[in-house]
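A.B. asks: Contents are PDB, C-alpha atoms (C1' of nucleotides); file name model_2.pdb:
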```pdb
ATOM      1  CA  MET A 628      -9.810 117.031  84.776
ATOM      2  CA  ASP A 629      -9.977 117.703  88.494
ATOM      3  CA  SER A 630      -7.495 118.563  91.187
ATOM      4  CA  TYR A 631      -6.403 114.917  91.545
ATOM      5  CA  ASP A 632      -5.379 114.910  87.906
ATOM      6  CA  LEU A 633      -3.452 118.127  88.389
ATOM      7  CA  LYS A 634      -1.602 116.674  91.336
ATOM      8  CA  ILE A 635      -0.785 113.511  89.414
ATOM      9  CA  ILE A 636       0.556 115.547  86.507
ATOM     10  CA  THR A 637       2.633 117.671  88.827
ATOM     11  CA  PHE A 638       4.369 114.611  90.228
ATOM     12  CA  LEU A 639       4.795 112.933  86.854
ATOM     13  CA  LYS A 640       6.456 116.032  85.439
ATOM     14  CA  ARG A 641       9.197 115.654  88.015
ATOM     15  CA  ASP A 642       9.527 111.887  87.689
ATOM     16  CA  ALA A 643       7.745 110.036  84.942
ATOM     17  CA  ARG A 644       8.646 106.685  86.525
ATOM     18  CA  MET A 645       7.204 107.384  89.947
ATOM     19  CA  LYS A 646       5.431 104.292  91.262
ATOM     20  CA  TRP A 647       1.664 104.406  91.237
ATOM     21  CA  SER A 648       1.667 103.311  94.869
ATOM     22  CA  THR A 649       3.818 106.183  96.132
ATOM     23  CA  LEU A 650       2.028 108.681  93.921
ATOM     24  CA  ALA A 651      -1.264 107.393  95.285
ATOM     25  CA  GLN A 652      -0.079 107.919  98.847
ATOM     26  CA  HIS A 653       0.982 111.482  98.140
ATOM     27  CA  ILE A 654      -2.333 112.559  96.703
ATOM     28  CA  GLY A 655      -4.662 110.383  98.747
ATOM     29  CA  LEU A 656      -5.983 107.874  96.230
ATOM     30  CA  SER A 657      -5.462 104.167  95.672
ATOM     31  CA  ALA A 658      -2.874 102.898  93.221
ATOM     32  CA  PRO A 659      -5.413 101.493  90.747
ATOM     33  CA  ALA A 660      -7.220 104.819  90.688
ATOM     34  CA  VAL A 661      -4.004 106.618  89.838
ATOM     35  CA  ALA A 662      -3.120 104.153  87.082
ATOM     36  CA  GLU A 663      -6.567 104.525  85.597
ATOM     37  CA  ARG A 664      -6.397 108.313  85.652
ATOM     38  CA  VAL A 665      -3.031 108.410  83.952
ATOM     39  CA  ALA A 666      -4.287 106.064  81.236
ATOM     40  CA  ARG A 667      -7.269 108.338  80.701
ATOM     41  CA  LEU A 668      -5.107 111.476  80.602
ATOM     42  CA  GLN A 669      -2.992 109.849  77.922
ATOM     43  CA  GLU A 670      -6.018 108.798  75.884
ATOM     44  CA  GLN A 671      -7.432 112.310  76.082
ATOM     45  CA  GLY A 672      -4.133 113.706  74.845
ATOM     46  CA  ILE A 673      -3.693 115.854  77.933
ATOM     47  CA  ILE A 674      -0.538 113.878  78.629
ATOM     48  CA  ARG A 675       1.216 113.812  75.268
ATOM     49  CA  GLN A 676       4.007 111.492  76.241
ATOM     50  CA  LEU A 677       6.104 110.199  79.059
ATOM     51  CA  THR A 678       9.565 110.683  77.736
ATOM     52  CA  THR A 679      13.247 111.169  78.344
ATOM     53  CA  VAL A 680      15.123 114.442  78.064
ATOM     54  CA  LEU A 681      18.724 113.945  77.038
ATOM     55  CA  ASP A 682      21.773 116.154  77.328
ATOM     56  CA  PRO A 683      22.635 117.368  73.817
ATOM     57  CA  SER A 684      26.330 117.862  74.505
ATOM     58  CA  SER A 685      26.686 114.232  75.559
ATOM     59  CA  PHE A 686      25.740 113.313  72.003
ATOM     60  CA  ASP A 687      28.029 115.790  70.317
ATOM     61  CA  TYR A 688      25.330 118.355  69.637
ATOM     62  CA  ARG A 689      27.221 121.515  70.344
ATOM     63  CA  LEU A 690      25.359 123.921  68.116
ATOM     64  CA  ALA A 691      21.830 125.263  68.142
ATOM     65  CA  ALA A 692      20.392 127.917  65.879
ATOM     66  CA  PHE A 693      17.184 129.595  64.831
ATOM     67  CA  VAL A 694      16.614 129.814  61.119
ATOM     68  CA  ALA A 695      13.956 132.137  59.739
ATOM     69  CA  VAL A 696      12.609 131.061  56.369
ATOM     70  CA  SER A 697      10.595 133.058  53.857
ATOM     71  CA  LEU A 698       8.673 131.342  51.102
ATOM     72  CA  GLU A 699       7.888 132.847  47.723
ATOM     73  CA  ARG A 700       4.308 131.712  47.335
ATOM     74  CA  PRO A 701       1.732 129.684  49.285
ATOM     75  CA  GLU A 702       2.062 126.654  47.028
ATOM     76  CA  HIS A 703       5.615 126.131  48.225
ATOM     77  CA  ARG A 704       4.345 125.466  51.689
ATOM     78  CA  ALA A 705       3.375 121.813  51.449
ATOM     79  CA  PRO A 706       6.700 120.516  50.106
ATOM     80  CA  PHE A 707       8.554 122.708  52.589
ATOM     81  CA  LEU A 708       6.630 121.345  55.558
ATOM     82  CA  LYS A 709       7.087 117.805  54.303
ATOM     83  CA  ARG A 710      10.836 118.307  54.164
ATOM     84  CA  ILE A 711      10.851 119.844  57.637
ATOM     85  CA  GLN A 712       9.132 116.791  59.076
ATOM     86  CA  GLU A 713      11.771 114.586  57.492
ATOM     87  CA  LEU A 714      14.758 116.591  58.733
ATOM     88  CA  GLU A 715      15.577 115.221  62.159
ATOM     89  CA  TYR A 716      17.942 118.050  62.980
ATOM     90  CA  VAL A 717      15.044 120.480  62.738
ATOM     91  CA  LEU A 718      13.495 120.182  66.164
ATOM     92  CA  GLU A 719      10.891 122.893  65.843
ATOM     93  CA  CYS A 720       9.054 124.667  63.078
ATOM     94  CA  HIS A 721       6.682 127.523  63.817
ATOM     95  CA  HIS A 722       4.608 129.524  61.368
ATOM     96  CA  VAL A 723       5.059 133.055  62.605
ATOM     97  CA  ALA A 724       3.651 136.490  61.998
ATOM     98  CA  GLY A 725       5.989 139.174  60.759
ATOM     99  CA  ASP A 726       8.726 139.551  58.166
ATOM    100  CA  ASP A 727       9.444 135.858  57.787
ATOM    101  CA  ASP A 728       7.129 132.907  57.337
ATOM    102  CA  TYR A 729       8.661 130.146  59.428
ATOM    103  CA  LEU A 730      11.040 129.993  62.322
ATOM    104  CA  LEU A 731      12.988 126.771  62.782
ATOM    105  CA  LYS A 732      15.062 125.581  65.693
ATOM    106  CA  ILE A 733      17.919 123.380  64.580
ATOM    107  CA  ARG A 734      20.314 121.371  66.668
ATOM    108  CA  CYS A 735      23.437 119.832  65.157
ATOM    109  CA  ARG A 736      27.118 119.127  65.597
ATOM    110  CA  ASP A 737      28.800 122.293  64.386
ATOM    111  CA  THR A 738      28.583 125.187  61.961
ATOM    112  CA  GLU A 739      29.664 123.034  59.053
ATOM    113  CA  GLN A 740      26.806 120.662  59.591
ATOM    114  CA  LEU A 741      24.408 123.566  60.006
ATOM    115  CA  ASP A 742      25.623 124.973  56.710
ATOM    116  CA  GLU A 743      25.025 121.634  55.059
ATOM    117  CA  ILE A 744      21.493 121.363  56.427
ATOM    118  CA  ILE A 745      20.521 124.860  55.353
ATOM    119  CA  THR A 746      22.229 124.832  51.982
ATOM    120  CA  TYR A 747      21.554 121.320  50.777
ATOM    121  CA  HIS A 748      18.328 120.387  52.538
ATOM    122  CA  ILE A 749      16.378 123.608  52.925
ATOM    123  CA  LYS A 750      17.536 126.213  50.397
ATOM    124  CA  GLU A 751      17.613 123.491  47.798
ATOM    125  CA  LEU A 752      13.811 123.389  47.826
ATOM    126  CA  ALA A 753      11.809 125.404  45.299
ATOM    127  CA  GLY A 754      10.312 128.660  46.488
ATOM    128  CA  ILE A 755      12.670 129.476  49.350
ATOM    129  CA  LEU A 756      12.972 133.237  49.132
ATOM    130  CA  ARG A 757      15.580 133.660  51.831
ATOM    131  CA  THR A 758      16.815 132.274  55.142
ATOM    132  CA  LYS A 759      18.181 134.180  58.104
ATOM    133  CA  THR A 760      20.266 132.225  60.579
ATOM    134  CA  THR A 761      20.708 133.208  64.217
ATOM    135  CA  ILE A 762      23.278 131.235  66.159
ATOM    136  CA  ILE A 763      22.484 130.419  69.782
ATOM    137  CA  MET A 764      25.585 131.137  71.829
ATOM    138  CA  ARG A 765      24.284 130.070  75.200
ATOM    139  CA  THR A 766      21.023 128.653  76.423
ATOM    140  CA  GLU A 767      20.132 130.270  79.730
ATOM    141  CA  LYS A 768      16.809 128.516  80.214
ATOM    142  CA  GLU A 769      15.119 125.653  78.441
ATOM    143  CA  SER A 770      11.988 124.301  80.035
ATOM    144  CA  LEU A 771       9.219 122.146  78.692
ATOM    145  CA  HIS A 772       6.867 123.052  81.441
ATOM    146  CA  PHE A 773       4.445 125.917  81.458
ATOM    147  CA  PRO A 774       3.003 126.698  84.907
ATOM    148  CA  LEU A 775       0.043 124.612  86.043
ATOM    149  CA  PRO A 776      -2.837 125.860  88.174
ATOM    150  CA  GLU A 777      -2.053 125.666  91.865
ATOM    151  CA  VAL A 778      -3.790 122.964  93.874
ATOM    152  CA  ASP A 779      -4.192 123.168  97.642
TER     153      ASP A 779
ATOM    154  CA  MET B 646      28.205 104.890  76.789
ATOM    155  CA  ASP B 647      27.944 101.862  74.516
ATOM    156  CA  SER B 648      25.370 100.537  72.110
ATOM    157  CA  TYR B 649      23.318  99.032  74.935
ATOM    158  CA  ASP B 650      22.942 102.472  76.460
ATOM    159  CA  LEU B 651      21.894 103.903  73.107
ATOM    160  CA  LYS B 652      19.247 101.232  72.725
ATOM    161  CA  ILE B 653      17.961 101.822  76.233
ATOM    162  CA  ILE B 654      17.707 105.561  75.595
ATOM    163  CA  THR B 655      15.913 104.969  72.325
ATOM    164  CA  PHE B 656      13.215 102.971  74.081
ATOM    165  CA  LEU B 657      12.942 105.317  77.037
ATOM    166  CA  LYS B 658      12.408 108.276  74.726
ATOM    167  CA  ARG B 659       9.270 106.603  73.439
ATOM    168  CA  ASP B 660       8.031 105.437  76.827
ATOM    169  CA  ALA B 661       9.683 106.605  80.003
ATOM    170  CA  ARG B 662       7.696 104.080  82.044
ATOM    171  CA  MET B 663       8.693 101.003  80.095
ATOM    172  CA  LYS B 664       9.365  98.125  82.494
ATOM    173  CA  TRP B 665      12.985  97.167  82.945
ATOM    174  CA  SER B 666      12.087  93.563  82.223
ATOM    175  CA  THR B 667      10.521  94.226  78.819
ATOM    176  CA  LEU B 668      13.255  96.682  77.925
ATOM    177  CA  ALA B 669      15.820  94.079  78.914
ATOM    178  CA  GLN B 670      14.209  91.510  76.632
ATOM    179  CA  HIS B 671      14.267  93.887  73.697
ATOM    180  CA  ILE B 672      17.938  94.682  73.924
ATOM    181  CA  GLY B 673      19.281  91.398  75.270
ATOM    182  CA  LEU B 674      20.312  92.175  78.819
ATOM    183  CA  SER B 675      18.940  91.271  82.223
ATOM    184  CA  ALA B 676      16.540  93.571  84.038
ATOM    185  CA  PRO B 677      18.980  94.461  86.828
ATOM    186  CA  ALA B 678      21.613  95.382  84.253
ATOM    187  CA  VAL B 679      19.157  97.744  82.544
ATOM    188  CA  ALA B 680      18.104  99.355  85.812
ATOM    189  CA  GLU B 681      21.713  99.887  86.760
ATOM    190  CA  ARG B 682      22.567 101.438  83.399
ATOM    191  CA  VAL B 683      19.672 103.867  83.547
ATOM    192  CA  ALA B 684      20.685 104.939  87.043
ATOM    193  CA  ARG B 685      24.209 105.563  85.795
ATOM    194  CA  LEU B 686      23.003 107.511  82.757
ATOM    195  CA  GLN B 687      21.012 109.739  85.093
ATOM    196  CA  GLU B 688      23.952 110.277  87.426
ATOM    197  CA  GLN B 689      26.187 111.179  84.516
ATOM    198  CA  GLY B 690      23.640 113.700  83.334
ATOM    199  CA  ILE B 691      23.253 112.024  79.963
ATOM    200  CA  ILE B 692      19.626 111.457  80.876
ATOM    201  CA  ARG B 693      18.501 114.832  82.187
ATOM    202  CA  GLN B 694      15.081 113.784  83.314
ATOM    203  CA  LEU B 695      12.261 111.367  82.814
ATOM    204  CA  THR B 696       9.324 113.647  82.420
ATOM    205  CA  THR B 697       5.860 114.286  81.091
ATOM    206  CA  VAL B 698       4.995 116.359  78.060
ATOM    207  CA  LEU B 699       1.607 118.010  78.358
ATOM    208  CA  ASP B 700      -0.733 119.473  75.789
ATOM    209  CA  PRO B 701      -0.680 123.260  76.225
ATOM    210  CA  SER B 702      -4.169 123.850  74.855
ATOM    211  CA  SER B 703      -5.638 121.529  77.479
ATOM    212  CA  PHE B 704      -4.405 123.992  80.075
ATOM    213  CA  ASP B 705      -5.643 127.095  78.302
ATOM    214  CA  TYR B 706      -2.278 128.025  76.840
ATOM    215  CA  ARG B 707      -3.335 129.168  73.421
ATOM    216  CA  LEU B 708      -0.573 131.620  72.631
ATOM    217  CA  ALA B 709       3.119 131.212  72.017
ATOM    218  CA  ALA B 710       5.565 133.875  70.966
ATOM    219  CA  PHE B 711       9.222 134.627  70.499
ATOM    220  CA  VAL B 712      10.449 137.804  72.092
ATOM    221  CA  ALA B 713      13.815 139.256  71.108
ATOM    222  CA  VAL B 714      15.360 141.405  73.813
ATOM    223  CA  SER B 715      18.216 143.890  73.531
ATOM    224  CA  LEU B 716      20.056 145.090  76.599
ATOM    225  CA  GLU B 717      21.752 148.446  76.935
ATOM    226  CA  ARG B 718      24.917 147.387  78.691
ATOM    227  CA  PRO B 719      26.504 144.168  80.025
ATOM    228  CA  GLU B 720      25.752 145.026  83.654
ATOM    229  CA  HIS B 721      22.047 144.698  82.968
ATOM    230  CA  ARG B 722      22.504 141.058  82.197
ATOM    231  CA  ALA B 723      22.487 139.539  85.664
ATOM    232  CA  PRO B 724      19.218 141.076  86.861
ATOM    233  CA  PHE B 725      17.621 140.294  83.502
ATOM    234  CA  LEU B 726      18.604 136.621  83.674
ATOM    235  CA  LYS B 727      17.443 136.413  87.255
ATOM    236  CA  ARG B 728      14.026 137.724  86.273
ATOM    237  CA  ILE B 729      13.850 135.315  83.344
ATOM    238  CA  GLN B 730      14.439 132.362  85.651
ATOM    239  CA  GLU B 731      11.605 133.553  87.859
ATOM    240  CA  LEU B 732       9.092 134.061  85.061
ATOM    241  CA  GLU B 733       7.376 130.728  84.567
ATOM    242  CA  TYR B 734       5.751 131.782  81.338
ATOM    243  CA  VAL B 735       9.200 132.210  79.799
ATOM    244  CA  LEU B 736      10.025 128.666  78.755
ATOM    245  CA  GLU B 737      13.263 129.362  76.941
ATOM    246  CA  CYS B 738      15.946 132.018  76.945
ATOM    247  CA  HIS B 739      18.814 131.899  74.510
ATOM    248  CA  HIS B 740      21.718 134.305  74.225
ATOM    249  CA  VAL B 741      22.034 134.771  70.480
ATOM    250  CA  ALA B 742      24.398 136.308  67.973
ATOM    251  CA  GLY B 743      23.065 139.101  65.802
ATOM    252  CA  ASP B 744      21.007 142.236  66.198
ATOM    253  CA  ASP B 745      19.411 141.270  69.488
ATOM    254  CA  ASP B 746      20.892 139.861  72.663
ATOM    255  CA  TYR B 747      18.357 137.316  73.876
ATOM    256  CA  LEU B 748      15.585 135.355  72.304
ATOM    257  CA  LEU B 749      12.803 134.168  74.602
ATOM    258  CA  LYS B 750      10.036 131.702  73.985
ATOM    259  CA  ILE B 751       6.929 132.529  75.944
ATOM    260  CA  ARG B 752       3.773 130.512  76.358
ATOM    261  CA  CYS B 753       0.653 132.033  77.867
ATOM    262  CA  ARG B 754      -3.109 132.353  77.666
ATOM    263  CA  ASP B 755      -3.664 135.136  75.164
ATOM    264  CA  THR B 756      -2.293 138.362  73.773
ATOM    265  CA  GLU B 757      -3.410 140.326  76.798
ATOM    266  CA  GLN B 758      -1.411 138.148  79.119
ATOM    267  CA  LEU B 759       1.570 138.326  76.778
ATOM    268  CA  ASP B 760       1.342 142.099  76.837
ATOM    269  CA  GLU B 761       1.280 142.043  80.604
ATOM    270  CA  ILE B 762       4.352 139.807  80.809
ATOM    271  CA  ILE B 763       6.378 141.896  78.381
ATOM    272  CA  THR B 764       5.306 145.288  79.663
ATOM    273  CA  TYR B 765       5.215 144.747  83.392
ATOM    274  CA  HIS B 766       7.736 141.984  83.948
ATOM    275  CA  ILE B 767      10.380 142.417  81.267
ATOM    276  CA  LYS B 768      10.387 145.992  79.940
ATOM    277  CA  GLU B 769      10.025 147.183  83.489
ATOM    278  CA  LEU B 770      13.605 146.116  84.195
ATOM    279  CA  ALA B 771      16.464 148.612  83.910
ATOM    280  CA  GLY B 772      18.549 148.481  80.764
ATOM    281  CA  ILE B 773      16.051 146.938  78.364
ATOM    282  CA  LEU B 774      16.807 148.728  75.120
ATOM    283  CA  ARG B 775      13.990 147.229  73.084
ATOM    284  CA  THR B 776      11.894 144.112  72.607
ATOM    285  CA  LYS B 777      10.618 142.622  69.379
ATOM    286  CA  THR B 778       7.707 140.215  69.614
ATOM    287  CA  THR B 779       6.946 137.559  67.031
ATOM    288  CA  ILE B 780       3.665 135.727  67.446
ATOM    289  CA  ILE B 781       3.602 132.017  66.658
ATOM    290  CA  MET B 782       0.502 131.356  64.590
ATOM    291  CA  ARG B 783       0.890 127.626  64.206
ATOM    292  CA  THR B 784       3.420 125.125  65.426
ATOM    293  CA  GLU B 785       4.147 122.621  62.655
ATOM    294  CA  LYS B 786       6.759 120.639  64.507
ATOM    295  CA  GLU B 787       7.902 120.587  68.109
ATOM    296  CA  SER B 788      10.253 117.818  69.081
ATOM    297  CA  LEU B 789      12.539 117.377  72.042
ATOM    298  CA  HIS B 790      14.541 114.716  70.384
ATOM    299  CA  PHE B 791      17.600 115.216  68.261
ATOM    300  CA  PRO B 792      18.615 112.160  66.243
ATOM    301  CA  LEU B 793      20.702 109.535  68.013
ATOM    302  CA  PRO B 794      23.423 107.426  66.410
ATOM    303  CA  GLU B 795      22.042 104.325  64.738
ATOM    304  CA  VAL B 796      22.646 101.006  66.470
ATOM    305  CA  ASP B 797      22.601  97.642  64.647
TER     306      ASP B 797
ATOM    307  C1'  DC C 827     -13.158 104.621  93.724
ATOM    308  C1'  DC C 828     -11.794 101.066  97.084
ATOM    309  C1'  DT C 829     -10.481  96.508  98.676
ATOM    310  C1'  DG C 830      -8.045  92.105  98.295
ATOM    311  C1'  DA C 831      -5.916  88.394  95.901
ATOM    312  C1'  DA C 832      -3.207  86.857  91.901
ATOM    313  C1'  DA C 833       0.354  87.999  88.856
ATOM    314  C1'  DA C 834       4.266  90.449  87.755
ATOM    315  C1'  DA C 835       8.191  93.248  88.401
ATOM    316  C1'  DT C 836      11.737  94.841  91.182
ATOM    317  C1'  DA C 837      15.684  94.878  94.430
ATOM    318  C1'  DC C 838      19.129  92.636  96.671
ATOM    319  C1'  DC C 839      21.979  89.134  97.399
ATOM    320  C1'  DC C 840      25.963  86.323  95.730
ATOM    321  C1'  DC C 841      28.434  84.211  91.914
ATOM    322  C1'  DC C 842      30.905  84.394  87.676
ATOM    323  C1'  DA C 843      33.793  86.021  83.687
TER     324       DA C 843
ATOM    325  C1'  DT D 951      34.159  96.033  86.722
ATOM    326  C1'  DG D 952      29.890  94.665  84.871
ATOM    327  C1'  DG D 953      26.433  91.106  83.901
ATOM    328  C1'  DG D 954      23.621  86.805  85.190
ATOM    329  C1'  DG D 955      20.604  84.158  88.267
ATOM    330  C1'  DG D 956      17.597  83.235  92.216
ATOM    331  C1'  DT D 957      14.600  84.651  95.813
ATOM    332  C1'  DA D 958      12.190  87.770  99.052
ATOM    333  C1'  DT D 959       9.648  91.832  98.760
ATOM    334  C1'  DT D 960       7.158  95.301  96.605
ATOM    335  C1'  DT D 961       4.218  96.781  93.044
ATOM    336  C1'  DT D 962       0.857  96.316  89.601
ATOM    337  C1'  DT D 963      -3.155  94.404  87.780
ATOM    338  C1'  DC D 964      -7.717  92.630  87.811
ATOM    339  C1'  DA D 965     -11.890  91.150  89.909
ATOM    340  C1'  DG D 966     -15.863  92.330  92.559
ATOM    341  C1'  DG D 967     -18.522  95.514  95.325
TER     342       DG D 967
END
```
Could you take the file, read its structure, and then write that structure out as structure tokens?

C.D. replies:
Amino acid sequence: MDSYDLKIITFLKRDARMKWSTLAQHIGLSAPAVAERVARLQEQGIIRQLTTVLDPSSFDYRLAAFVAVSLERPEHRAPFLKRIQELEYVLECHHVAGDDDYLLKIRCRDTEQLDEIITYHIKELAGILRTKTTIIMRTEKESLHFPLPEVD
Amino acid sequence: MDSYDLKIITFLKRDARMKWSTLAQHIGLSAPAVAERVARLQEQGIIRQLTTVLDPSSFDYRLAAFVAVSLERPEHRAPFLKRIQELEYVLECHHVAGDDDYLLKIRCRDTEQLDEIITYHIKELAGILRTKTTIIMRTEKESLHFPLPEVD
DNA sequence: CCTGAAAAATACCCCCA
DNA sequence: TGGGGGTATTTTTCAGG
């Protein structure tokens, strides 16, 4: 990955549909070269996906929450993680250090739906010691993009 | 927003660069109609952005952490939020209910850099009562995409 | 990685329901 | 108002160097 790749990525972060030809002009390569590099970056997994970020409130997702989960014993892990992958409302699941084992980020319609998800889809599993729910009242910043090395 | 829009969004989530013509074929509209709808969805803010998701480890981001922050008094909020917007390593900032005031998600190189960010860029501010750092050891799931209503 | 030609997709027009 | 169709133009793709 060289500085051309970095420049390409920088532009594609802002607009994933930018035309190869205009992108090529900006960075000083030909369009085929740019297309080839992007294909390679995708194959290498450096670019995970070119995707669409939607506005949650437009789809009636008005609630977000973090839910900390503690498991009783290690053997409860596998079924828990399987369930987490199935639950579409659970957007993130991180194994964390500290008092609790996992920290989930959940997005759903309202508190009633959150209650349903936690009570009937998570706590219902064997080996859930406890859950600790933290409601998000306002999201002040939500970025996908960590800083990239500067080029030029 | 009708079922055509939902179908369009569903495809664009998977591939933001999908050609209007192929997308149009899939959902049963003409290419110009699809292009027009996507432009409208962007104007309305339903589509926030067409962007690129990168692999953090490819860019030497090996550490992620949640940092809970408590502020002394409400007047410390504005400068805190301003600083948060400036700090590129802070990807998310949520105002939460409960013991702490804000929950940040930070992505950086290693623990030393995390220490530097917390100590010299966050704790350094006036009115920071305390911070509580939770290291993410493994991310089991990390999705941008909440479930959309089914169509057809 | 570039050039150049073939193929494809897009944008813009007007027409229609 | 919102979608279809046709055509000029742009863009992408693919070959060869």

A.B. asks: Could the residues of chain D within 12 Å of chain B, counting only C-alpha atoms (C1' of nucleotides), be given as a PyMOL selection string, please?

C.D. replies: chain D and resi 952-955+961-962

A.B. asks: With C-alpha atoms (C1' of nucleotides) retained, write the just-selected residues as an mmCIF file, in the coordinates of the input.

C.D. replies:
```
data_model
loop_
_atom_site.group_PDB
_atom_site.id
_atom_site.type_symbol
_atom_site.label_atom_id
_atom_site.label_comp_id
_atom_site.auth_asym_id
_atom_site.auth_seq_id
_atom_site.Cartn_x
_atom_site.Cartn_y
_atom_site.Cartn_z
ATOM 1 C "C1'" DG D 952 29.890 94.665 84.871
ATOM 2 C "C1'" DG D 953 26.433 91.106 83.901
ATOM 3 C "C1'" DG D 954 23.621 86.805 85.190
ATOM 4 C "C1'" DG D 955 20.604 84.158 88.267
ATOM 5 C "C1'" DT D 961 4.218 96.781 93.044
ATOM 6 C "C1'" DT D 962 0.857 96.316 89.601
#
```

A.B. asks: CA of Gly655 in chain A and CA of Lys640 in chain A are how many Å apart?

C.D. replies: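 Taking CA of Gly655 in chain A as the start and CA of Lys640 in chain A as the end point, the length is 18.2 Å.
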
A.B. asks: Using only C-alpha atoms (C1' of nucleotides), find which residues of chain B lie within 10 Å of chain C and jot them down as a ChimeraX atom specification.

C.D. replies: /B:664-667,676-677,680

A.B. asks: Could you tell me which residues of chain B sit within 9 Å of chain A when counting only C-alpha atoms, and give me the result as a VMD selection string?

C.D. replies: chain B and resid 654 657 to 663 690 to 704 706 710 726 729 to 730 733 to 743 748 to 749 751 to 753 779 to 794

A.B. asks: Could you tell me how far CA of Arg689 in chain A sits from CA of Tyr649 in chain B, in Å to one decimal place?

C.D. replies: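 According to the coordinates, CA of Tyr649 in chain B and CA of Arg689 in chain A are separated by 23.3 Å.
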
A.B. asks: Could you work out an axis-aligned bounding box for all listed atoms of range 827-834 of chain C, with 3 Å added on each of the six sides, and give its centre and edge lengths in Å to one decimal, as JSON?

C.D. replies:
```
{"center_x": -4.4, "center_y": 95.7, "center_z": 93.2, "size_x": 23.4, "size_y": 23.8, "size_z": 16.9}
```

A.B. asks: Give the answer as one residue: which of A:Ser630, A:Arg664, A:Arg700, A:Ile654 has the shortest atom-to-atom distance to Gly754 in chain A, using only C-alpha atoms?

C.D. replies: A:Arg700

A.B. asks: Go ahead and compute the interatomic distance for CA of Val796 in chain B and CA of Lys652 in chain B, in Å to one decimal.

C.D. replies: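 Value for the CA of Val796 in chain B-CA of Lys652 in chain B distance: 7.1 Å.
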
A.B. asks: What would the selection look like, as a ChimeraX atom specification, if the PyMOL selection byres ((chain A and resi 749) around 10) were run on the coordinates I just shared?

C.D. replies: /A:696,707,710-711,714,743-748,750-753,755,758
